[in-house]
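In what follows, a single structure is set out as structure tokens and then discussed.
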Amino acid sequence: MSESHPLGPYVRRFLLEHVVADRSLSLNTQKSYRDTIRLLLLFVKERHGMDPTRVSVEQVTASVIRSFLDYIKNERGNSPTTRNQRLATIRSLFRYIARQTPELVATASEVQGIPLQRTASTPVPYLEKAEMDALLETPDRQRTQGLQEYALLLFLYNTGARAQEAASGRIGDLDLNSSPSVRIHGKGNKTRICPLWPHTVKVLQSLLGPRLLDSQDETIFLNIRGQPFTRFGIHSLIERIVEQAAELIPSLRTKRVSPHTIRHTTAVHLLRSGVDINTIRAWLGHVSLETCAVSLPHKKLDRKPAWRKDHDLLEFLTSL
């Protein structure tokens, strides 16, 4: 009988060495990988009676993976996009296992052969100029927090930054001198330089004041409690601003507006103003931007499940 290979050591090395050390993937991606593997281990325990601390690579067959994908689609209600993301993580894990242990190449190849599910491409809406102007005019700039909110909205529109990119931006990333710009730290630890409009510069200077010189390591935008904005806080802010602005521009009620909508709006408005599409790609950090009329599919987020406590491997995943 051939020797079995415990899955646990591969999972630990994959997450700690490959995902973090070798590839330096973003924290959100690391969490996504961790959660996918933890969900898979709970599934094989509850549906197939396998102990997560003792399960072998050979036991997690392509058939088991397929049943897991059916489970998250049919019972957890995950979208095809989320299902494909989970599969991509599992494929990556088994590709790593095959490189570490050549005798497991056949097992890994069967998992690699599981096809992605086709997904419909749903265009992300963008805002017309009057709609974007209505959002910008909503915050009361006479109030300190109103100025914060206006500056954040203007920054998103100017740069096309993602919510997390804006939330994590540091004052030291700003250059408000003769050629004003901001250094944006994007997905995959990629950095890009985005020019700032003269009006954006004036608003940021007014907002930051002495912090420009004294607080280089602090985040640019602070919420009403004086704490750094989170990406969830930015989503909530935009929802509230849209609700208020819709009193003047009713068309906003027909659109689902998010930070990504503003990002898409930036791309469309730049394209309409005659900016070359390759410049827009560099400005916004798009990996692929064939046209501004086609956008990434909508991502349905899992609700956070109440993970049941387990020992060893599951505790390791929880500790990450």
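A note on labels: chains of the structure tokens are A, B, ... as shown, every chain counts residues from 1, and ligands are counted from 1 in their shown order.
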Report as a tab-separated table the residues of segment 5-73 of chain A within 10 Å of segment 109-117 of chain A, each with its shortest atom pair and distance in Å (one decimal), using only C-alpha atoms, ordered by chain and increasing residue number.
```
residue	atom	partner	partner_atom	distance
A:Val60	CA	A:Val111	CA	9.2
A:Thr61	CA	A:Val111	CA	7.2
A:Ala62	CA	A:Val111	CA	4.9
A:Ser63	CA	A:Val111	CA	8.6
A:Val64	CA	A:Val111	CA	9.6
A:Ile65	CA	A:Val111	CA	7.4
A:Arg66	CA	A:Ile114	CA	7.6
```
Output of the above residues as a JSON list (two decimals), in the first residue's frame, restricted to C-alpha atoms:
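So the final result, stored in selection27.json, reads:
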```json
[["chain", "number", "residue", "atom", "x", "y", "z"],
["A", 60, "VAL", "CA", -9.40, 15.02, -0.72],
["A", 61, "THR", "CA", -10.16, 13.79, -4.20],
["A", 62, "ALA", "CA", -11.56, 15.68, -7.15],
["A", 63, "SER", "CA", -14.93, 14.10, -6.34],
["A", 64, "VAL", "CA", -14.80, 15.54, -2.82],
["A", 65, "ILE", "CA", -13.88, 18.96, -4.20],
["A", 66, "ARG", "CA", -16.80, 18.83, -6.64]]
```
*Pull the alpha helix (DSSP H) assignments for segment 97-284 of chain A out of DSSP run on the backbone, and list those residues as JSON, numbers by chain.*
{"A": [97, 98, 99, 100, 105, 106, 107, 108, 109, 110, 111, 112, 129, 130, 131, 132, 133, 134, 135, 136, 137, 144, 145, 146, 147, 148, 149, 150, 151, 152, 153, 154, 155, 156, 157, 158, 159, 163, 164, 165, 166, 167, 168, 198, 199, 200, 201, 202, 203, 204, 205, 206, 207, 208, 211, 212, 213, 214, 231, 232, 233, 234, 235, 236, 237, 238, 239, 240, 241, 242, 243, 244, 245, 259, 260, 261, 262, 263, 264, 265, 266, 267, 268, 269, 270, 271, 272, 277, 278, 279, 280, 281, 282, 283, 284]}
_Which residues are close to segment 128-134 of chain A, i.e. within 8 Å by only C-alpha atoms, leaving aside same-chain residues fewer than 2 positions away? Reply as a PyMOL selection string._
chain A and resi 126+136-138+245+248-249+251-252+265+269
Residues from last step as file, C-alpha atoms, as an mmCIF file, in the first residue's frame:
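Contents of the output file again12.cif:
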```cif
data_model
loop_
_atom_site.group_PDB
_atom_site.id
_atom_site.type_symbol
_atom_site.label_atom_id
_atom_site.label_comp_id
_atom_site.auth_asym_id
_atom_site.auth_seq_id
_atom_site.Cartn_x
_atom_site.Cartn_y
_atom_site.Cartn_z
ATOM 1 C CA TYR A 126 -21.273 54.695 -13.622
ATOM 2 C CA LEU A 136 -19.733 66.078 -4.064
ATOM 3 C CA GLU A 137 -22.115 68.890 -3.156
ATOM 4 C CA THR A 138 -23.865 66.925 -0.395
ATOM 5 C CA ALA A 245 -28.178 63.410 -2.968
ATOM 6 C CA LEU A 248 -32.056 66.405 -5.788
ATOM 7 C CA ILE A 249 -31.087 63.840 -8.445
ATOM 8 C CA SER A 251 -31.826 58.990 -10.982
ATOM 9 C CA LEU A 252 -29.421 58.042 -8.177
ATOM 10 C CA THR A 265 -17.135 56.727 -13.171
ATOM 11 C CA HIS A 269 -15.233 60.434 -17.538
#
```
